[in-house]
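What's in target_26.cif: mmCIF, C-alpha atoms and all ligand atoms
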data_protein
#
loop_
_atom_site.label_atom_id
_atom_site.label_comp_id
_atom_site.auth_asym_id
_atom_site.auth_seq_id
_atom_site.Cartn_x
_atom_site.Cartn_y
_atom_site.Cartn_z
CA MET A 983 -41.78 21.07 4.72
CA ILE A 984 -39.48 21.71 1.78
CA SER A 985 -37.57 18.56 0.96
CA LYS A 986 -33.79 18.31 1.02
CA GLY A 987 -33.69 17.84 -2.74
CA CYS A 988 -35.73 20.97 -3.23
CA GLN A 989 -33.42 22.89 -0.93
CA GLY A 990 -30.54 21.82 -3.10
CA LEU A 991 -32.29 23.22 -6.13
CA LEU A 992 -33.24 26.51 -4.60
CA GLN A 993 -29.82 27.20 -3.16
CA VAL A 994 -28.71 27.63 -6.74
CA CYS A 995 -29.76 31.23 -6.80
CA GLY A 996 -28.04 32.26 -3.64
CA GLY A 997 -30.59 35.07 -3.50
CA ASN A 998 -32.79 35.89 -0.55
CA ILE A 999 -36.09 34.89 -2.11
CA THR A 1000 -34.83 31.42 -2.69
CA GLN A 1001 -33.52 31.20 0.84
CA ARG A 1002 -37.04 31.80 2.09
CA ALA A 1003 -38.04 28.55 0.46
CA LEU A 1004 -35.87 26.67 2.88
CA THR A 1005 -38.27 27.46 5.67
CA GLN A 1006 -41.61 27.94 3.99
CA LYS A 1007 -43.87 26.01 1.71
CA SER A 1008 -44.40 27.28 -1.81
CA GLN A 1009 -47.40 29.61 -1.96
CA SER A 1010 -48.28 28.55 -5.49
CA SER A 1011 -51.98 28.01 -5.92
CA CYS A 1012 -53.32 25.34 -8.20
CA PHE A 1013 -55.92 26.43 -10.69
CA LEU A 1014 -56.40 26.12 -14.36
CA TRP A 1015 -54.98 29.19 -16.01
CA ARG A 1016 -55.65 29.32 -19.65
CA CYS A 1017 -53.13 31.64 -21.22
CA TYR A 1018 -54.35 30.82 -24.67
CA HIS A 1019 -53.21 32.85 -27.60
CA ARG A 1020 -54.53 36.35 -27.25
CA GLY A 1021 -56.64 35.85 -30.35
CA ILE A 1022 -58.47 32.96 -28.70
CA SER A 1023 -58.87 34.09 -25.12
CA GLY A 1024 -58.84 37.81 -25.85
CA LYS A 1025 -57.12 38.19 -22.46
CA PRO A 1026 -53.74 39.87 -22.59
CA LEU A 1027 -51.29 39.41 -19.77
CA ASP A 1028 -52.23 41.50 -16.74
CA PRO A 1029 -50.28 44.77 -17.16
CA GLU A 1030 -49.22 44.84 -13.51
CA MET A 1031 -47.80 41.35 -13.72
CA ARG A 1032 -46.04 42.20 -16.97
CA ALA A 1033 -44.51 45.31 -15.40
CA PHE A 1034 -43.42 43.36 -12.31
CA LEU A 1035 -41.73 40.65 -14.34
CA GLU A 1036 -40.07 43.11 -16.69
CA GLU A 1037 -38.76 45.14 -13.78
CA ASN A 1038 -37.48 42.21 -11.76
CA THR A 1039 -35.88 39.91 -14.32
CA GLU A 1040 -33.11 40.25 -16.86
CA VAL A 1041 -33.25 39.06 -20.48
CA ILE A 1042 -30.36 36.69 -21.08
CA ASN A 1043 -29.24 34.15 -23.66
CA SER A 1044 -25.85 33.14 -22.33
CA GLY A 1045 -24.44 30.83 -19.69
CA ASN A 1046 -26.77 28.01 -20.72
CA LEU A 1047 -27.03 25.39 -23.46
CA THR A 1048 -29.45 27.24 -25.75
CA PRO A 1049 -28.13 30.69 -26.72
CA GLU A 1050 -30.77 30.83 -29.46
CA ILE A 1051 -33.50 31.16 -26.81
CA ARG A 1052 -33.84 34.43 -24.90
CA LEU A 1053 -35.31 34.23 -21.42
CA ARG A 1054 -36.32 36.52 -18.58
CA LEU A 1055 -34.53 35.14 -15.55
CA LEU A 1056 -33.49 36.19 -12.07
CA THR A 1057 -29.79 37.13 -12.14
CA PRO A 1058 -27.37 38.81 -9.74
CA ARG A 1059 -28.23 42.10 -11.45
CA CYS A 1060 -31.90 41.84 -10.38
CA ARG A 1061 -33.14 43.57 -7.26
CA PHE A 1062 -34.57 40.43 -5.65
CA TRP A 1063 -31.35 38.49 -6.00
CA HIS A 1064 -30.16 40.54 -3.03
CA ASP A 1065 -33.33 42.06 -1.58
CA LYS A 1066 -35.23 40.73 1.41
CA ALA A 1067 -37.12 37.55 0.51
CA ILE A 1068 -40.13 38.72 2.51
CA LEU A 1069 -40.70 41.47 -0.07
CA TRP A 1070 -41.12 38.99 -2.93
CA PRO A 1071 -44.88 38.89 -3.40
CA TYR A 1072 -45.27 35.48 -5.05
CA GLY A 1073 -44.31 31.84 -4.54
CA ASP A 1074 -40.73 30.69 -4.95
CA PRO A 1075 -39.60 31.62 -8.47
CA TYR A 1076 -38.44 28.32 -9.91
CA TRP A 1077 -39.50 29.73 -13.28
CA ALA A 1078 -36.82 32.42 -12.99
CA ILE A 1079 -34.02 29.86 -13.26
CA TYR A 1080 -33.18 27.82 -16.34
CA TRP A 1081 -32.45 24.41 -14.84
CA PRO A 1082 -29.89 21.99 -16.31
CA GLY A 1083 -32.55 19.33 -16.97
CA GLY A 1084 -34.58 21.73 -19.11
CA GLN A 1085 -31.45 23.03 -20.81
CA GLY A 1086 -30.50 19.54 -21.98
CA LEU A 1087 -34.00 18.80 -23.25
CA ALA A 1088 -34.28 22.12 -25.10
CA ARG A 1089 -30.83 21.61 -26.68
CA TYR A 1090 -31.83 18.12 -27.77
CA LEU A 1091 -35.13 19.27 -29.34
CA LEU A 1092 -33.41 22.14 -31.17
CA ASP A 1093 -30.74 19.80 -32.57
CA ASN A 1094 -33.17 16.99 -33.41
CA PRO A 1095 -36.29 18.69 -34.76
CA LYS A 1096 -37.66 15.45 -36.18
CA VAL A 1097 -38.37 14.33 -32.59
CA VAL A 1098 -41.04 17.03 -32.28
CA TYR A 1099 -41.89 18.00 -35.85
CA ARG A 1100 -45.69 17.95 -36.26
CA LYS A 1101 -46.01 16.35 -32.82
CA ARG A 1102 -48.27 17.26 -29.91
CA VAL A 1103 -45.98 18.08 -27.00
CA LEU A 1104 -46.71 18.46 -23.29
CA ASP A 1105 -43.97 20.09 -21.16
CA LEU A 1106 -44.65 19.13 -17.54
CA GLY A 1107 -43.15 21.46 -14.91
CA SER A 1108 -42.28 23.92 -17.63
CA GLY A 1109 -40.81 26.71 -15.44
CA CYS A 1110 -39.44 29.42 -17.72
CA GLY A 1111 -40.89 27.55 -20.72
CA ALA A 1112 -37.61 27.06 -22.60
CA THR A 1113 -38.24 23.40 -23.47
CA ALA A 1114 -41.73 24.22 -24.72
CA ILE A 1115 -40.31 27.11 -26.76
CA ALA A 1116 -37.66 24.78 -28.23
CA ALA A 1117 -40.41 22.34 -29.22
CA LEU A 1118 -42.31 25.11 -31.03
CA MET A 1119 -39.16 26.35 -32.74
CA SER A 1120 -38.53 22.80 -33.96
CA GLY A 1121 -41.94 22.52 -35.56
CA ALA A 1122 -44.22 20.89 -32.98
CA SER A 1123 -47.83 21.10 -34.16
CA GLN A 1124 -49.16 21.73 -30.65
CA VAL A 1125 -47.41 22.62 -27.41
CA VAL A 1126 -48.95 22.89 -23.97
CA ALA A 1127 -46.96 23.85 -20.91
CA ASN A 1128 -47.93 22.78 -17.42
CA ASP A 1129 -46.69 24.39 -14.22
CA ILE A 1130 -48.49 24.68 -10.90
CA ASP A 1131 -47.06 28.18 -10.41
CA PRO A 1132 -49.30 30.74 -12.16
CA VAL A 1133 -46.46 33.28 -12.24
CA ALA A 1134 -44.53 30.79 -14.40
CA GLY A 1135 -47.42 31.05 -16.86
CA ALA A 1136 -47.00 34.82 -17.06
CA ALA A 1137 -43.22 34.51 -17.43
CA MET A 1138 -43.74 32.03 -20.27
CA ILE A 1139 -45.86 34.52 -22.19
CA LEU A 1140 -43.05 37.08 -21.96
CA ASN A 1141 -40.49 34.45 -22.97
CA CYS A 1142 -42.59 33.46 -25.99
CA GLU A 1143 -42.72 37.11 -27.04
CA LEU A 1144 -38.96 37.43 -26.67
CA ASN A 1145 -38.49 34.52 -29.06
CA ASN A 1146 -41.21 35.50 -31.54
CA VAL A 1147 -43.25 32.35 -31.02
CA ASN A 1148 -46.99 32.32 -30.38
CA PRO A 1149 -47.69 31.90 -26.65
CA PHE A 1150 -48.82 28.33 -25.99
CA PRO A 1151 -51.51 27.36 -23.50
CA VAL A 1152 -50.25 27.07 -19.95
CA VAL A 1153 -52.16 24.81 -17.57
CA THR A 1154 -51.55 25.47 -13.89
CA GLU A 1155 -53.66 22.60 -12.60
CA ASP A 1156 -51.67 19.73 -11.09
CA LEU A 1157 -51.92 17.12 -13.83
CA ILE A 1158 -50.09 14.39 -11.95
CA GLY A 1159 -52.79 11.90 -11.09
CA THR A 1160 -55.03 12.83 -14.00
CA LYS A 1161 -55.36 10.68 -17.09
CA LEU A 1162 -54.23 12.47 -20.24
CA ASP A 1163 -54.55 11.32 -23.79
CA GLY A 1164 -53.43 12.51 -27.16
CA TRP A 1165 -49.80 13.46 -26.55
CA ASP A 1166 -47.06 12.29 -28.89
CA LEU A 1167 -44.35 13.53 -26.58
CA ILE A 1168 -44.23 14.37 -22.87
CA VAL A 1169 -41.08 16.18 -21.71
CA LEU A 1170 -39.95 16.89 -18.15
CA GLY A 1171 -36.89 18.94 -17.20
CA ASP A 1172 -35.41 18.73 -13.70
CA MET A 1173 -38.59 17.50 -12.09
CA PHE A 1174 -37.16 14.78 -9.85
CA TYR A 1175 -36.15 17.11 -7.04
CA SER A 1176 -38.02 15.59 -4.14
CA GLU A 1177 -38.80 12.05 -3.11
CA GLU A 1178 -42.56 12.66 -3.15
CA LEU A 1179 -42.49 14.21 -6.60
CA ALA A 1180 -40.25 11.44 -7.95
CA GLU A 1181 -42.68 8.83 -6.67
CA SER A 1182 -45.82 10.45 -8.03
CA LEU A 1183 -44.16 11.26 -11.35
CA HIS A 1184 -42.95 7.71 -11.80
CA TRP A 1185 -46.39 6.30 -11.16
CA TRP A 1186 -47.99 8.85 -13.52
CA LEU A 1187 -45.39 8.54 -16.27
CA GLU A 1188 -45.59 4.77 -16.27
CA LYS A 1189 -49.26 4.96 -17.26
CA HIS A 1190 -48.68 7.52 -19.98
CA ALA A 1191 -45.53 6.03 -21.49
CA LYS A 1192 -47.51 2.84 -22.08
CA ILE A 1193 -50.04 4.63 -24.28
CA PRO A 1194 -49.19 3.62 -27.87
CA GLY A 1195 -47.58 6.56 -29.70
CA THR A 1196 -46.65 8.49 -26.56
CA GLN A 1197 -42.95 9.04 -25.92
CA VAL A 1198 -41.56 10.38 -22.63
CA LEU A 1199 -38.24 12.25 -22.45
CA ILE A 1200 -36.70 13.30 -19.13
CA GLY A 1201 -33.91 15.85 -18.71
CA ASP A 1202 -31.88 15.50 -15.52
CA PRO A 1203 -28.36 16.44 -14.42
CA GLY A 1204 -28.09 13.68 -11.81
CA ARG A 1205 -30.33 14.87 -8.98
CA PRO A 1206 -30.15 12.51 -5.99
CA HIS A 1207 -33.85 11.61 -6.10
CA PHE A 1208 -33.50 10.71 -9.77
CA VAL A 1209 -30.30 8.68 -9.75
CA THR A 1210 -31.40 6.61 -6.77
CA HIS A 1211 -34.94 6.01 -8.01
CA GLN A 1212 -36.15 2.71 -9.38
CA ILE A 1213 -37.09 4.53 -12.60
CA GLN A 1214 -33.38 4.18 -13.54
CA LYS A 1215 -34.01 0.61 -14.67
CA GLU A 1216 -36.40 1.83 -17.35
CA LEU A 1217 -34.30 4.63 -18.83
CA HIS A 1218 -32.27 4.77 -22.02
CA LYS A 1219 -29.69 7.49 -22.43
CA ILE A 1220 -30.30 9.59 -25.54
CA SER A 1221 -27.86 12.44 -25.18
CA GLU A 1222 -25.48 14.00 -22.65
CA TYR A 1223 -24.30 17.60 -22.62
CA ALA A 1224 -21.47 19.27 -20.72
CA LEU A 1225 -22.95 22.14 -18.72
CA PRO A 1226 -21.67 25.65 -19.43
CA GLU A 1227 -19.47 27.09 -16.70
CA ALA A 1228 -22.15 29.46 -15.37
CA THR A 1229 -24.70 26.64 -15.00
CA LYS A 1230 -22.09 24.39 -13.40
CA GLN A 1231 -21.26 27.02 -10.81
CA GLU A 1232 -24.93 27.48 -9.99
CA ASN A 1233 -25.46 23.75 -9.60
CA TYR A 1234 -22.81 22.77 -7.12
CA GLY A 1235 -20.55 20.39 -8.94
CA LEU A 1236 -22.96 18.98 -11.50
CA ALA A 1237 -21.01 18.78 -14.74
CA THR A 1238 -23.39 17.34 -17.32
CA THR A 1239 -27.06 16.98 -18.06
CA VAL A 1240 -28.65 13.97 -19.69
CA VAL A 1241 -31.74 13.41 -21.84
CA TRP A 1242 -33.33 10.06 -21.06
CA HIS A 1243 -35.99 8.08 -22.90
CA TYR A 1244 -38.32 6.54 -20.35
CA GLN A 1245 -39.54 3.15 -21.53
CA PRO A 1246 -41.31 1.05 -18.88
CA LEU A 1247 -41.75 -2.64 -19.56
CA LEU A 1248 -45.16 -3.35 -21.04
C1 LIG A 1301 -36.81 22.69 -11.09
S1 LIG A 1301 -38.05 23.52 -11.96
C2 LIG A 1301 -37.75 22.99 -13.65
C3 LIG A 1301 -38.30 23.97 -14.65
C4 LIG A 1301 -37.98 23.65 -16.12
N1 LIG A 1301 -38.52 22.38 -16.51
C5 LIG A 1301 -36.49 23.70 -16.35
O1 LIG A 1301 -35.88 22.61 -16.46
O2 LIG A 1301 -35.93 24.81 -16.39
C6 LIG A 1301 -39.50 22.58 -11.56
C7 LIG A 1301 -40.80 23.23 -12.00
O3 LIG A 1301 -41.85 22.31 -11.79
C8 LIG A 1301 -42.96 23.00 -11.26
N2 LIG A 1301 -43.77 21.99 -10.56
C9 LIG A 1301 -43.59 21.47 -9.32
N3 LIG A 1301 -44.52 20.53 -9.06
C10 LIG A 1301 -45.30 20.46 -10.17
C11 LIG A 1301 -46.44 19.69 -10.52
N4 LIG A 1301 -46.99 18.79 -9.69
N5 LIG A 1301 -46.99 19.87 -11.73
C12 LIG A 1301 -46.48 20.78 -12.59
N6 LIG A 1301 -45.41 21.55 -12.31
C13 LIG A 1301 -44.83 21.40 -11.12
C14 LIG A 1301 -42.38 24.09 -10.41
O4 LIG A 1301 -43.29 25.16 -10.23
C15 LIG A 1301 -41.16 24.48 -11.24
O5 LIG A 1301 -41.43 25.54 -12.14
#
Hey, can you dump this file as structure tokens for me?
Ligand SMILES: C[S@@+](CC[C@H](N)C(=O)[O-])C[C@H]1O[C@@H](n2cnc3c(N)ncnc32)[C@H](O)[C@@H]1O
Amino acid sequence: MISKGCQGLLQVCGGNITQRALTQKSQSSCFLWRCYHRGISGKPLDPEMRAFLEENTEVINSGNLTPEIRLRLLTPRCRFWHDKAILWPYGDPYWAIYWPGGQGLARYLLDNPKVVYRKRVLDLGSGCGATAIAALMSGASQVVANDIDPVAGAAMILNCELNNVNPFPVVTEDLIGTKLDGWDLIVLGDMFYSEELAESLHWWLEKHAKIPGTQVLIGDPGRPHFVTHQIQKELHKISEYALPEATKQENYGLATTVVWHYQPLL
């Protein structure tokens, strides 16, 4: 069953595909999808997938907090904004929306490059990949994006191309529950959208934020499962941004987005 918080997120689009999510589970499969740089994997993006994404998204760089990043997103000018949800051949396209949590994080990384400069960055629940792209633009030495939706991985390749950055590896395995090492910075934008996810993320983040040298930054515009969660006691506000009008309208009354530093007690 799709949680109430998730419904709230998906209603943003107002389009038919997102409405389908209110009654069905996401069809995203979980497998490791290594979209390594073409030079390494030698595997370009599947031409059919590329054509599908190019045909059914619009390149935009307005209405959000990072006009310097161009993204392929689902907009009212795209066929599937209005078309029957049943015709959409993939899982619910969270990656086709640039969420306020990710917008705040990306803005913060672009304005404060020293936070990521020469750092190894993991973007968990990367979606369209904007936060990961911002990290690369600000000089991160290594960026890996993680999203359980493989179509998000394809969209991220196109978004990297649009911004003239080398595509970063995208892992589509569910990493929550696994033990990771070697990250200087873990970033998460708008990931606290269901009670279950908030719980598992908190448990997972607590372990990783305690690793010496690993910093965790969370971008969130005040989602109910975030503001009511016990994680609040361990957060320090870093930055708050007023949301642009277009993002505000899409997010039902949310006015700002905040970047938090998660610091659990040792
Ligand atoms: C609300 S979107 C946020 C996307 C992006 N961070 C942003 O702020 O624009 C949440 C994303 O998390 C992904 N996701 C959900 N559960 C996940 C999990 N267990 N591990 C990794 N990604 C996950 C979804 O596929 C979706 O793309």
Interatomic distance between CA of Gly1164 (chain A) and CA of Thr1048 (chain A)?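 Atom-to-atom, CA of Gly1164 (chain A) to CA of Thr1048 (chain A), that is 28.2 Å.
Residues in contact with Ile1193 (chain A) at 10 Å, where all atoms listed in the file are counted and same-chain residues fewer than 2 positions away are skipped, are listed as Leu1162, Asp1163, Gly1164, Trp1165, Asp1166, Glu1188, Lys1189, His1190, Ala1191, Gly1195, Thr1196, Gln1197 and Leu1248 of chain A.
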Protein and nucleic acid residues within 6 Å of ligand LIG 1301 (chain A) (all atoms listed in the file) as a VMD selection string: chain A and resid 1076 to 1077 1080 to 1081 1083 to 1084 1106 to 1110 1128 to 1131 1156 1158 1170 to 1173
Given only C-alpha atoms as the basis, pick out the residue of A:Glu1227, A:Glu1222, A:Glu1155, A:Asp1105 nearest to Ile1168 (chain A).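 Of the candidates, the smallest distance to Ile1168 (chain A) is held by A:Asp1105.
Residue nearest Ala1117 (chain A), chosen from A:Gly1045, A:Pro1075, A:Gly1204, A:Pro1095 and counting all atoms listed in the file: A:Pro1095.
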Dump as a VMD selection string all residues having an atom at most 10 Å from (-37.0, 11.3, -32.0), computed in the file's coordinates with only C-alpha atoms. chain A and resid 1090 to 1091 1094 to 1099 1167 1197 1199 1220 1243
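Among the candidates A:Thr1154, A:Asn1141, A:Gln1245, A:Ser1176, the residue lying nearest to Thr1039 (chain A) is A:Asn1141 (atoms considered: only C-alpha atoms).
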Just to confirm, what's the straight-line distance from CA of Leu1092 (chain A) to CA of Lys1219 (chain A) in Å (one decimal)? 17.5 Å
Can you tell me which residues surround Gln1212 (chain A) at a distance of at most 10 Å, considering all atoms listed in the file, apart from same-chain residues fewer than 5 positions away, and format the answer as an MDAnalysis selection string? chainID A and resid 1180:1181 1184 1207 1217
Record the distance separating CA of Leu1087 (chain A) and CA of Gln1231 (chain A), expressed in Å with one decimal.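 Computed distance, CA of Leu1087 (chain A) to CA of Gln1231 (chain A), equals 19.6 Å.
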Pick out the closest residue to Ala1116 (chain A) from this set: A:Ser1182, A:Asn1146, A:Thr1229, A:Asn1038. Count only C-alpha atoms.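 Comparing A:Ser1182, A:Asn1146, A:Thr1229, A:Asn1038 against Ala1116 (chain A), the winner is A:Asn1146.
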Rank nothing, just name the residue among A:Asp1028, A:Pro1203, A:Lys1066, A:Tyr1244 nearest to His1218 (chain A), using all atoms listed in the file. A:Tyr1244
Pick from A:Arg1059, A:Thr1238, A:Ile1079, A:Phe1150: nearest to Val1103 (chain A), with all atoms listed in the file counted? A:Phe1150
List every protein, DNA or RNA residue with an atom no more than 12 Å from (-34.3, 33.7, -22.3) in the file's coordinates, counting all atoms listed in the file, and format the result as number ranges by chain. A: 1039-1057, 1077-1080, 1085, 1088, 1109-1113, 1115-1116, 1137-1146
As a short mmCIF file (atom, residue, chain, number, x, y, z; two decimals), in the coordinates of the input, could you write out region 1117-1150 of chain A once it has been completed with N, CA and C atoms?
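File rebuild.cif, as written:
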data_model
loop_
_atom_site.label_atom_id
_atom_site.label_comp_id
_atom_site.auth_asym_id
_atom_site.auth_seq_id
_atom_site.Cartn_x
_atom_site.Cartn_y
_atom_site.Cartn_z
N ALA A 1117 -39.53 23.25 -28.47
CA ALA A 1117 -40.41 22.34 -29.22
C ALA A 1117 -41.14 23.10 -30.34
N LEU A 1118 -41.62 24.30 -30.00
CA LEU A 1118 -42.31 25.11 -31.03
C LEU A 1118 -41.35 25.50 -32.13
N MET A 1119 -40.15 25.93 -31.74
CA MET A 1119 -39.16 26.35 -32.74
C MET A 1119 -38.80 25.19 -33.67
N SER A 1120 -38.90 23.96 -33.16
CA SER A 1120 -38.53 22.80 -33.96
C SER A 1120 -39.71 22.22 -34.72
N GLY A 1121 -40.84 22.90 -34.69
CA GLY A 1121 -41.94 22.52 -35.56
C GLY A 1121 -43.03 21.67 -34.94
N ALA A 1122 -43.12 21.63 -33.61
CA ALA A 1122 -44.22 20.89 -32.98
C ALA A 1122 -45.55 21.47 -33.46
N SER A 1123 -46.53 20.60 -33.66
CA SER A 1123 -47.83 21.10 -34.16
C SER A 1123 -48.64 21.71 -33.01
N GLN A 1124 -48.43 21.21 -31.80
CA GLN A 1124 -49.16 21.73 -30.65
C GLN A 1124 -48.28 21.61 -29.42
N VAL A 1125 -48.20 22.66 -28.64
CA VAL A 1125 -47.41 22.62 -27.41
C VAL A 1125 -48.27 23.15 -26.27
N VAL A 1126 -48.30 22.41 -25.19
CA VAL A 1126 -48.95 22.89 -23.97
C VAL A 1126 -47.93 22.79 -22.85
N ALA A 1127 -47.85 23.85 -22.07
CA ALA A 1127 -46.96 23.85 -20.91
C ALA A 1127 -47.80 23.68 -19.66
N ASN A 1128 -47.24 22.97 -18.69
CA ASN A 1128 -47.93 22.78 -17.42
C ASN A 1128 -47.00 23.16 -16.28
N ASP A 1129 -47.47 24.07 -15.42
CA ASP A 1129 -46.69 24.39 -14.22
C ASP A 1129 -47.67 24.86 -13.16
N ILE A 1130 -47.53 24.34 -11.96
CA ILE A 1130 -48.49 24.68 -10.90
C ILE A 1130 -48.31 26.11 -10.39
N ASP A 1131 -47.27 26.78 -10.83
CA ASP A 1131 -47.06 28.18 -10.41
C ASP A 1131 -47.64 29.11 -11.48
N PRO A 1132 -48.70 29.86 -11.15
CA PRO A 1132 -49.30 30.74 -12.16
C PRO A 1132 -48.36 31.84 -12.65
N VAL A 1133 -47.40 32.24 -11.80
CA VAL A 1133 -46.46 33.28 -12.24
C VAL A 1133 -45.57 32.72 -13.37
N ALA A 1134 -45.30 31.42 -13.30
CA ALA A 1134 -44.53 30.79 -14.40
C ALA A 1134 -45.29 30.98 -15.71
N GLY A 1135 -46.61 30.87 -15.65
CA GLY A 1135 -47.42 31.05 -16.86
C GLY A 1135 -47.23 32.44 -17.46
N ALA A 1136 -47.20 33.45 -16.58
CA ALA A 1136 -47.00 34.82 -17.06
C ALA A 1136 -45.60 34.98 -17.65
N ALA A 1137 -44.61 34.41 -16.94
CA ALA A 1137 -43.22 34.51 -17.43
C ALA A 1137 -43.10 33.84 -18.80
N MET A 1138 -43.82 32.74 -18.98
CA MET A 1138 -43.74 32.03 -20.27
C MET A 1138 -44.29 32.87 -21.41
N ILE A 1139 -45.33 33.65 -21.14
CA ILE A 1139 -45.86 34.52 -22.19
C ILE A 1139 -44.78 35.51 -22.62
N LEU A 1140 -44.12 36.12 -21.63
CA LEU A 1140 -43.05 37.08 -21.96
C LEU A 1140 -41.92 36.38 -22.71
N ASN A 1141 -41.58 35.16 -22.30
CA ASN A 1141 -40.49 34.45 -22.97
C ASN A 1141 -40.87 34.05 -24.40
N CYS A 1142 -42.14 33.75 -24.61
CA CYS A 1142 -42.59 33.46 -25.99
C CYS A 1142 -42.42 34.72 -26.84
N GLU A 1143 -42.85 35.85 -26.29
CA GLU A 1143 -42.72 37.11 -27.04
C GLU A 1143 -41.26 37.39 -27.41
N LEU A 1144 -40.38 37.16 -26.44
CA LEU A 1144 -38.96 37.43 -26.67
C LEU A 1144 -38.40 36.60 -27.83
N ASN A 1145 -39.01 35.43 -28.04
CA ASN A 1145 -38.49 34.52 -29.06
C ASN A 1145 -39.39 34.46 -30.30
N ASN A 1146 -40.32 35.41 -30.37
CA ASN A 1146 -41.21 35.50 -31.54
C ASN A 1146 -41.95 34.20 -31.84
N VAL A 1147 -42.37 33.51 -30.79
CA VAL A 1147 -43.25 32.35 -31.02
C VAL A 1147 -44.60 32.66 -30.37
N ASN A 1148 -45.66 32.09 -30.93
CA ASN A 1148 -46.99 32.32 -30.38
C ASN A 1148 -47.06 31.72 -28.98
N PRO A 1149 -47.55 32.48 -27.99
CA PRO A 1149 -47.69 31.90 -26.65
C PRO A 1149 -48.55 30.63 -26.70
N PHE A 1150 -48.07 29.59 -26.05
CA PHE A 1150 -48.82 28.33 -25.99
C PHE A 1150 -49.70 28.32 -24.75
#
